[in-house]
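Quick notes on the structure that follows.
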Amino acid sequence: MYHPGERPRDASIRVWSMVDTANAVTKAVVPAAGLGTRFLPATKATPKEMLPVVDKPAIQYVVEEAVAAGLDDVLLITGRSKVSIENHFDRAYELEEALTAKEDWDKLAEVRASSELATVHYVRQGDPKGLGHAVLCSAQHVGDEPFAVLLGDDLIDVRDPLLTQMIDVRQRYGGSVVALMEVDPEEVALYGCAAISPTNEDDVVTVTDLVEKPVPGSAPSRWIIIGRYVCDPAVYGILRETPPGRGGEIQLTDALKVLARQGEVRGVLFHGRRYDTGNKLDYLRTMVQFACERPDLASEFIPWLRKYLDGIA
Ligand code: UTP
């Protein structure tokens, strides 16, 4: 937050007077309406966001992250198979009664935790016409405020508070903020990639352009967009005008590209731990990493894993 009397470190930083409530980020939008085709057949009747990472669905980690960043108004964009997501964030009276009868207080607390986490709202994206279209479905709930978007299958380690940092950048610079991660040159073509220029802060950049899945060799940088955004409400107007792009889908990247070219997008360079659960290989990696770090599992799981790997080597 900028304090009166302090010189802005960058000419493009907007000077907010006091705590600017109109610009405070209070709402999180979690799109979870995609078809999850990379994870079929598991995702035929279950959203991929509900697949467990050890013993919690991926989407619960994401909602916990939003809450940890101070956003306890959470709008989930759901589609088919919405019921399992709704049930997960609701009370489960029969289960709670059974656990109470057994005096299993630990499990009871775990069952209740997801229903007490946040104020969860739902909107349905009838036709999954892309991430941009999913975000547009949040317009009525969010209104004329900046808001965070957290992809429901993309996990950020709780020890690396990326979203808090992004909200802080939004408060100081205004506009929209994307999270960027550096990848090997041969991987850039798989993602949305950012053209960036430095600010006076080490891990904050100005995003000057965005290129979705650049042709190999033509990428403007090795920094790709990952699944956290803080969007200015201006993004809604642009999304309404954005024609379907690749695969007939309305892309959030296309709308952010318009804002980037107007100088309205910053990037936070993320050096922390991110786990993708939306495809099989990364999901397996995530599961093993989380299991190895769980105090209640690690002491048995790690020796077993070592032995197993020695056996197949
Ligand atoms: P993905 O592109 O990873 O999801 O979208 P997908 O389309 O379900 O995946 P595949 O390629 O078919 O396997 C990133 C996030 O945006 C949501 C997804 O649920 C995921 O959390 N999404 C995507 C929507 O909510 N609606 C859409 O129309 C598309």
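Chain lettering (A, B, ...) mirrors the order of the structure tokens, residue numbering begins at 1 for each chain separately, and ligand numbering begins at 1 in order of display.
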Counting only C-alpha atoms and all ligand atoms, what are the residues, protein, DNA or RNA alike, that approach ligand 1 to within 8 Å? I want them as an MDAnalysis selection string. chainID A and resid 30:39 47:49 77:79 125 127:135 151:154 227 249 278:279
Do a neighbour search on region 229-246 of chain A at 6 Å with only C-alpha atoms, toss out local chain neighbours closer than 4 positions, and write the hits as number ranges by chain. A: 144-149, 175-178, 250, 255
How about saving the chosen residues, N, CA and C atoms kept, as a PDB file, in the first residue's frame?
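Okay, this is what ended up in selection-v1.pdb:
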ATOM      1  N   ASP A 144     -18.550  -4.139 -10.219  1.00  0.00           N
ATOM      2  CA  ASP A 144     -17.508  -3.227 -10.695  1.00  0.00           C
ATOM      3  C   ASP A 144     -16.316  -3.188  -9.720  1.00  0.00           C
ATOM      4  N   GLU A 145     -15.761  -4.359  -9.439  1.00  0.00           N
ATOM      5  CA  GLU A 145     -14.645  -4.452  -8.479  1.00  0.00           C
ATOM      6  C   GLU A 145     -13.537  -5.292  -9.080  1.00  0.00           C
ATOM      7  N   PRO A 146     -12.312  -5.054  -8.649  1.00  0.00           N
ATOM      8  CA  PRO A 146     -11.275  -6.001  -9.063  1.00  0.00           C
ATOM      9  C   PRO A 146     -11.516  -7.351  -8.376  1.00  0.00           C
ATOM     10  N   PHE A 147     -11.082  -8.425  -8.991  1.00  0.00           N
ATOM     11  CA  PHE A 147     -11.345  -9.755  -8.428  1.00  0.00           C
ATOM     12  C   PHE A 147     -10.198 -10.697  -8.787  1.00  0.00           C
ATOM     13  N   ALA A 148     -10.070 -11.752  -7.990  1.00  0.00           N
ATOM     14  CA  ALA A 148      -9.031 -12.745  -8.258  1.00  0.00           C
ATOM     15  C   ALA A 148      -9.636 -13.918  -9.017  1.00  0.00           C
ATOM     16  N   VAL A 149      -8.843 -14.521  -9.885  1.00  0.00           N
ATOM     17  CA  VAL A 149      -9.248 -15.763 -10.556  1.00  0.00           C
ATOM     18  C   VAL A 149      -8.214 -16.824 -10.198  1.00  0.00           C
ATOM     19  N   GLY A 175      -4.856  -1.659 -12.441  1.00  0.00           N
ATOM     20  CA  GLY A 175      -4.882  -2.571 -13.597  1.00  0.00           C
ATOM     21  C   GLY A 175      -5.071  -4.026 -13.204  1.00  0.00           C
ATOM     22  N   SER A 176      -4.615  -4.915 -14.077  1.00  0.00           N
ATOM     23  CA  SER A 176      -4.718  -6.358 -13.824  1.00  0.00           C
ATOM     24  C   SER A 176      -3.326  -6.935 -13.574  1.00  0.00           C
ATOM     25  N   VAL A 177      -3.302  -8.100 -12.941  1.00  0.00           N
ATOM     26  CA  VAL A 177      -2.020  -8.720 -12.586  1.00  0.00           C
ATOM     27  C   VAL A 177      -2.070 -10.198 -12.967  1.00  0.00           C
ATOM     28  N   VAL A 178      -1.031 -10.669 -13.648  1.00  0.00           N
ATOM     29  CA  VAL A 178      -0.940 -12.100 -13.958  1.00  0.00           C
ATOM     30  C   VAL A 178       0.255 -12.695 -13.220  1.00  0.00           C
ATOM     31  N   ILE A 250     -13.560 -18.776 -25.939  1.00  0.00           N
ATOM     32  CA  ILE A 250     -13.221 -17.377 -25.609  1.00  0.00           C
ATOM     33  C   ILE A 250     -12.111 -17.430 -24.564  1.00  0.00           C
ATOM     34  N   ALA A 255      -8.300 -11.411 -23.893  1.00  0.00           N
ATOM     35  CA  ALA A 255      -8.793 -10.168 -23.286  1.00  0.00           C
ATOM     36  C   ALA A 255      -7.662  -9.460 -22.544  1.00  0.00           C
TER      37      ALA A 255
END
Run DSSP on the backbone of this structure and report the residues of region 28-143 of chain A it assigns to alpha helix (DSSP H), as a VMD selection string. chain A and resid 58 to 68 82 to 88 93 to 101 105 to 116 131 to 136 139 to 142
Among the residues A:Leu259, A:Val67, A:Ala313, A:Leu297, the one that comes closest to Val158 (chain A) [using only C-alpha atoms]: A:Val67
Could you check which of A:Lys257, A:Lys102, A:Lys44, A:Arg274 is closest to Ser81 (chain A), using only C-alpha atoms?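 Answer, going by the shortest atom-to-atom distance: A:Lys44.
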Pick from A:Pro57, A:Pro52, A:Gly192, A:Pro185 nearest to Ser114 (chain A), counting only C-alpha atoms: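 Nearest candidate to Ser114 (chain A) out of A:Pro57, A:Pro52, A:Gly192, A:Pro185: A:Pro57.
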Expressed in Å, the length from CA of Ala92 (chain A) to CA of Val111 (chain A) is 7.7 Å
Check the smallest atom-to-atom distance from each of A:Leu190, A:Thr119, A:Arg294, A:Glu300 to Asp55 (chain A) using only C-alpha atoms, then report the winner.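 Ranked by minimum distance to Asp55 (chain A), first place goes to A:Arg294.
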With distances taken over only C-alpha atoms, which of A:Glu116, A:Gln262, A:Ser138, A:Trp223 is nearest to Lys27 (chain A)?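 Nearest to Lys27 (chain A): A:Ser138.
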Length of the CA of Leu71 (chain A) to CA of Glu212 (chain A) vector [Å]: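 Spanning CA of Leu71 (chain A) to CA of Glu212 (chain A) is a straight-line distance of 28.7 Å.
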